[in-house]
Amino acid sequence: MAKFIEGLYYSESHEYVRVEGEFAYIGITDYAQNALGNVVYVDLPEVDDEIEAGEDFGAVESVKAASDLTSPVSGVVVEINEALEDEPELINKDAFANWIMKVKLADTTELDNLMDAKAYEAFCNK
């Protein structure tokens, strides 16, 4: 059973956004890691990359499939989760604790286009 955490923002492409001040931590949801199966590789963005909402910023590969990562928000990458380079399976252990990138938000109104936990859970159960 997938976990849905209140207080996060969710995209239809199964990324979550955890906002802390002017920064956003972005990763894939528990539902997504469950669907992918064992994650074997994460293609991370570079620090200082400018990303746009709706554009791909990397990919996650599992034994079953590869999936592009689509940014739910625009901004500049200020940090990547380097632990995923050596241990991509951390995403399977806890997708919400093991974010992929930290972004300085360019436009917080973009968060209004995302779903809350209840809406995302309903979306996943369609």
# chains A, B, ... in the order shown; residues from 1 in each chain; ligands from 1

call {"tool": "residues_around", "arguments": {"residues": "Ile80 of chain A", "least_positions_apart": "4", "cutoff": "9 Å", "atoms": "only C-alpha atoms", "output": "list of chain:residue names"}}
result
A:Leu44, A:Pro45, A:Glu46, A:Val47, A:Leu84, A:Trp99, A:Ile100, A:Met101, A:Lys102, A:Val103

call {"tool": "select_by_dssp", "arguments": {"residues": "chain A", "states": "alpha helix (DSSP H)", "output": "ChimeraX atom specification"}}
result
/A:30-36,83-86,90-93,117-124

call {"tool": "select_by_dssp", "arguments": {"residues": "segment 73-115 of chain A", "states": "strand (DSSP E)", "output": "number ranges by chain"}}
result
A: 75-80, 101-105

call {"tool": "residues_around", "arguments": {"residues": "Asn34 of chain A", "least_positions_apart": "2", "cutoff": "12 Å", "atoms": "only C-alpha atoms", "output": "PDB file with N, CA, C and O atoms, in the first residue's frame"}}
result
ATOM      1  N   MET A   1       0.854  -1.196   0.000  1.00  0.00           N
ATOM      2  CA  MET A   1       0.000   0.000   0.000  1.00  0.00           C
ATOM      3  C   MET A   1       0.897   1.257   0.000  1.00  0.00           C
ATOM      4  O   MET A   1       1.769   1.405   0.848  1.00  0.00           O
ATOM      5  N   ALA A   2       0.683   2.107  -0.948  1.00  0.00           N
ATOM      6  CA  ALA A   2       1.498   3.320  -1.065  1.00  0.00           C
ATOM      7  C   ALA A   2       1.186   4.311   0.057  1.00  0.00           C
ATOM      8  O   ALA A   2       0.063   4.377   0.550  1.00  0.00           O
ATOM      9  N   LYS A   3       2.211   5.071   0.436  1.00  0.00           N
ATOM     10  CA  LYS A   3       2.047   6.122   1.447  1.00  0.00           C
ATOM     11  C   LYS A   3       1.774   7.450   0.746  1.00  0.00           C
ATOM     12  O   LYS A   3       2.349   7.742  -0.303  1.00  0.00           O
ATOM     13  N   HIS A  14       4.010  11.929 -10.823  1.00  0.00           N
ATOM     14  CA  HIS A  14       4.417  11.189  -9.617  1.00  0.00           C
ATOM     15  C   HIS A  14       5.691  11.702  -8.948  1.00  0.00           C
ATOM     16  O   HIS A  14       6.442  10.946  -8.358  1.00  0.00           O
ATOM     17  N   ILE A  28      10.625  11.326  -6.118  1.00  0.00           N
ATOM     18  CA  ILE A  28       9.490  10.564  -6.642  1.00  0.00           C
ATOM     19  C   ILE A  28       8.671  10.039  -5.469  1.00  0.00           C
ATOM     20  O   ILE A  28       9.184   9.823  -4.376  1.00  0.00           O
ATOM     21  N   THR A  29       7.400   9.823  -5.714  1.00  0.00           N
ATOM     22  CA  THR A  29       6.496   9.405  -4.647  1.00  0.00           C
ATOM     23  C   THR A  29       6.667   7.921  -4.315  1.00  0.00           C
ATOM     24  O   THR A  29       7.259   7.154  -5.082  1.00  0.00           O
ATOM     25  N   ASP A  30       6.115   7.545  -3.196  1.00  0.00           N
ATOM     26  CA  ASP A  30       6.122   6.147  -2.776  1.00  0.00           C
ATOM     27  C   ASP A  30       5.371   5.302  -3.806  1.00  0.00           C
ATOM     28  O   ASP A  30       5.791   4.193  -4.154  1.00  0.00           O
ATOM     29  N   TYR A  31       4.278   5.837  -4.324  1.00  0.00           N
ATOM     30  CA  TYR A  31       3.503   5.145  -5.361  1.00  0.00           C
ATOM     31  C   TYR A  31       4.382   4.852  -6.580  1.00  0.00           C
ATOM     32  O   TYR A  31       4.382   3.750  -7.127  1.00  0.00           O
ATOM     33  N   ALA A  32       5.181   5.853  -6.988  1.00  0.00           N
ATOM     34  CA  ALA A  32       6.048   5.713  -8.164  1.00  0.00           C
ATOM     35  C   ALA A  32       7.141   4.675  -7.939  1.00  0.00           C
ATOM     36  O   ALA A  32       7.389   3.822  -8.799  1.00  0.00           O
ATOM     37  N   LEU A  36       7.718   1.234 -10.055  1.00  0.00           N
ATOM     38  CA  LEU A  36       8.979   0.998 -10.757  1.00  0.00           C
ATOM     39  C   LEU A  36       9.659  -0.304 -10.342  1.00  0.00           C
ATOM     40  O   LEU A  36      10.319  -0.951 -11.139  1.00  0.00           O
ATOM     41  N   GLY A  37       9.536  -0.653  -9.074  1.00  0.00           N
ATOM     42  CA  GLY A  37      10.270  -1.809  -8.565  1.00  0.00           C
ATOM     43  C   GLY A  37      11.665  -1.379  -8.131  1.00  0.00           C
ATOM     44  O   GLY A  37      11.902  -0.205  -7.844  1.00  0.00           O
ATOM     45  N   ASN A  38      12.601  -2.320  -8.106  1.00  0.00           N
ATOM     46  CA  ASN A  38      13.944  -2.045  -7.585  1.00  0.00           C
ATOM     47  C   ASN A  38      14.677  -0.999  -8.424  1.00  0.00           C
ATOM     48  O   ASN A  38      15.005  -1.251  -9.574  1.00  0.00           O
ATOM     49  N   VAL A  39      14.927   0.163  -7.809  1.00  0.00           N
ATOM     50  CA  VAL A  39      15.642   1.241  -8.498  1.00  0.00           C
ATOM     51  C   VAL A  39      17.132   0.910  -8.546  1.00  0.00           C
ATOM     52  O   VAL A  39      17.739   0.591  -7.522  1.00  0.00           O
ATOM     53  N   SER A  62      14.834   1.346 -13.156  1.00  0.00           N
ATOM     54  CA  SER A  62      14.639   0.188 -12.285  1.00  0.00           C
ATOM     55  C   SER A  62      14.872  -1.067 -13.110  1.00  0.00           C
ATOM     56  O   SER A  62      15.107  -0.989 -14.316  1.00  0.00           O
ATOM     57  N   LYS A  64      12.667  -2.973 -13.983  1.00  0.00           N
ATOM     58  CA  LYS A  64      11.512  -3.105 -14.870  1.00  0.00           C
ATOM     59  C   LYS A  64      11.443  -2.044 -15.960  1.00  0.00           C
ATOM     60  O   LYS A  64      10.982  -2.312 -17.057  1.00  0.00           O
ATOM     61  N   ALA A  65      11.840  -0.809 -15.649  1.00  0.00           N
ATOM     62  CA  ALA A  65      11.596   0.295 -16.584  1.00  0.00           C
ATOM     63  C   ALA A  65      12.486   1.488 -16.271  1.00  0.00           C
ATOM     64  O   ALA A  65      13.080   1.574 -15.207  1.00  0.00           O
ATOM     65  N   GLU A  89      18.947   2.488  -4.489  1.00  0.00           N
ATOM     66  CA  GLU A  89      17.884   1.724  -3.834  1.00  0.00           C
ATOM     67  C   GLU A  89      17.322   2.426  -2.592  1.00  0.00           C
ATOM     68  O   GLU A  89      16.298   2.012  -2.047  1.00  0.00           O
ATOM     69  N   ILE A  91      15.770   5.034  -2.621  1.00  0.00           N
ATOM     70  CA  ILE A  91      14.433   5.485  -3.032  1.00  0.00           C
ATOM     71  C   ILE A  91      13.390   4.426  -2.707  1.00  0.00           C
ATOM     72  O   ILE A  91      12.284   4.744  -2.288  1.00  0.00           O
ATOM     73  N   ASN A  92      13.755   3.147  -2.872  1.00  0.00           N
ATOM     74  CA  ASN A  92      12.819   2.073  -2.545  1.00  0.00           C
ATOM     75  C   ASN A  92      12.611   1.947  -1.040  1.00  0.00           C
ATOM     76  O   ASN A  92      11.519   1.619  -0.584  1.00  0.00           O
ATOM     77  N   LYS A  93      13.675   2.232  -0.264  1.00  0.00           N
ATOM     78  CA  LYS A  93      13.561   2.116   1.192  1.00  0.00           C
ATOM     79  C   LYS A  93      12.611   3.170   1.747  1.00  0.00           C
ATOM     80  O   LYS A  93      11.767   2.880   2.583  1.00  0.00           O
ATOM     81  N   ASP A  94      12.773   4.425   1.285  1.00  0.00           N
ATOM     82  CA  ASP A  94      11.880   5.500   1.716  1.00  0.00           C
ATOM     83  C   ASP A  94      11.955   6.640   0.697  1.00  0.00           C
ATOM     84  O   ASP A  94      12.857   7.473   0.753  1.00  0.00           O
ATOM     85  N   ALA A  95      11.002   6.627  -0.220  1.00  0.00           N
ATOM     86  CA  ALA A  95      11.010   7.607  -1.311  1.00  0.00           C
ATOM     87  C   ALA A  95      10.892   9.036  -0.790  1.00  0.00           C
ATOM     88  O   ALA A  95      11.472   9.961  -1.362  1.00  0.00           O
ATOM     89  N   CYS A 124      -4.135   8.388  -8.053  1.00  0.00           N
ATOM     90  CA  CYS A 124      -3.442   7.097  -8.151  1.00  0.00           C
ATOM     91  C   CYS A 124      -4.412   5.919  -8.158  1.00  0.00           C
ATOM     92  O   CYS A 124      -4.103   4.866  -8.722  1.00  0.00           O
TER      93      CYS A 124
END

call {"tool": "residues_around", "arguments": {"residues": "Val76 of chain A", "least_positions_apart": "2", "cutoff": "9 Å", "atoms": "only C-alpha atoms", "output": "list in words"}}
result
Val47, Asp48, Asp49, Glu50, Ile51, Glu52, Ser74, Val78, Lys102, Val103, Lys104, Leu105 and Ala106 of chain A

call {"tool": "write_last_selection", "arguments": {"atoms": "C-alpha atoms", "output": "mmCIF file, in the first residue's frame"}}
result
data_model
loop_
_atom_site.group_PDB
_atom_site.id
_atom_site.type_symbol
_atom_site.label_atom_id
_atom_site.label_comp_id
_atom_site.auth_asym_id
_atom_site.auth_seq_id
_atom_site.Cartn_x
_atom_site.Cartn_y
_atom_site.Cartn_z
ATOM 1 C CA VAL A 47 23.877 21.931 -9.157
ATOM 2 C CA ASP A 48 23.126 25.371 -10.678
ATOM 3 C CA ASP A 49 20.917 23.839 -13.417
ATOM 4 C CA GLU A 50 17.898 26.025 -14.134
ATOM 5 C CA ILE A 51 14.787 23.931 -14.349
ATOM 6 C CA GLU A 52 11.318 24.766 -15.603
ATOM 7 C CA SER A 74 10.710 26.071 -11.701
ATOM 8 C CA VAL A 78 21.054 24.196 -5.190
ATOM 9 C CA LYS A 102 16.745 20.695 -3.726
ATOM 10 C CA VAL A 103 15.630 23.735 -5.713
ATOM 11 C CA LYS A 104 15.432 27.438 -4.928
ATOM 12 C CA LEU A 105 11.859 28.190 -5.991
ATOM 13 C CA ALA A 106 11.404 30.741 -8.775
#

call {"tool": "residues_around", "arguments": {"residues": "segment 7-11 of chain A", "least_positions_apart": "4", "cutoff": "12 Å", "atoms": "only C-alpha atoms", "output": "JSON, numbers by chain"}}
result
{"A": [3, 15, 16, 17, 18, 19, 20, 24, 25, 26, 27, 28, 29, 30, 31, 32, 53, 54, 69, 70, 71, 72, 73, 96, 108, 110, 111, 112, 113, 114, 115, 116, 117, 118, 119, 120, 121, 122, 123, 124]}

call {"tool": "residues_around", "arguments": {"residues": "Val40 of chain A", "least_positions_apart": "6", "cutoff": "9 Å", "atoms": "only C-alpha atoms", "output": "NGL selection string"}}
result
:A and (60-63 or 87-89)

call {"tool": "write_last_selection", "arguments": {"atoms": "N, CA, C and O atoms", "output": "tab-separated table (two decimals), in the first residue's frame"}}
result
chain	number	residue	atom	x	y	z
A	60	VAL	N	14.91	7.94	-13.55
A	60	VAL	CA	15.08	6.86	-12.59
A	60	VAL	C	14.96	5.57	-13.38
A	60	VAL	O	14.02	5.40	-14.17
A	61	GLU	N	15.93	4.66	-13.18
A	61	GLU	CA	15.88	3.37	-13.86
A	61	GLU	C	15.71	2.27	-12.82
A	61	GLU	O	16.36	2.29	-11.77
A	62	SER	N	14.83	1.35	-13.16
A	62	SER	CA	14.64	0.19	-12.29
A	62	SER	C	14.87	-1.07	-13.11
A	62	SER	O	15.11	-0.99	-14.32
A	63	VAL	N	14.77	-2.22	-12.46
A	63	VAL	CA	14.92	-3.47	-13.19
A	63	VAL	C	13.80	-3.64	-14.21
A	63	VAL	O	13.96	-4.33	-15.20
A	87	GLU	N	23.83	4.59	-3.94
A	87	GLU	CA	22.76	3.76	-3.38
A	87	GLU	C	21.40	4.19	-3.91
A	87	GLU	O	20.56	4.70	-3.16
A	88	PRO	N	21.13	3.97	-5.21
A	88	PRO	CA	19.83	4.37	-5.76
A	88	PRO	C	18.66	3.65	-5.09
A	88	PRO	O	17.54	4.18	-5.05
A	89	GLU	N	18.95	2.49	-4.49
A	89	GLU	CA	17.88	1.72	-3.83
A	89	GLU	C	17.32	2.43	-2.59
A	89	GLU	O	16.30	2.01	-2.05

call {"tool": "atom_distance", "arguments": {"atom1": "atom CA of Ala83 of chain A", "atom2": "atom CA of Phe4 of chain A"}}
result
23.4 Å
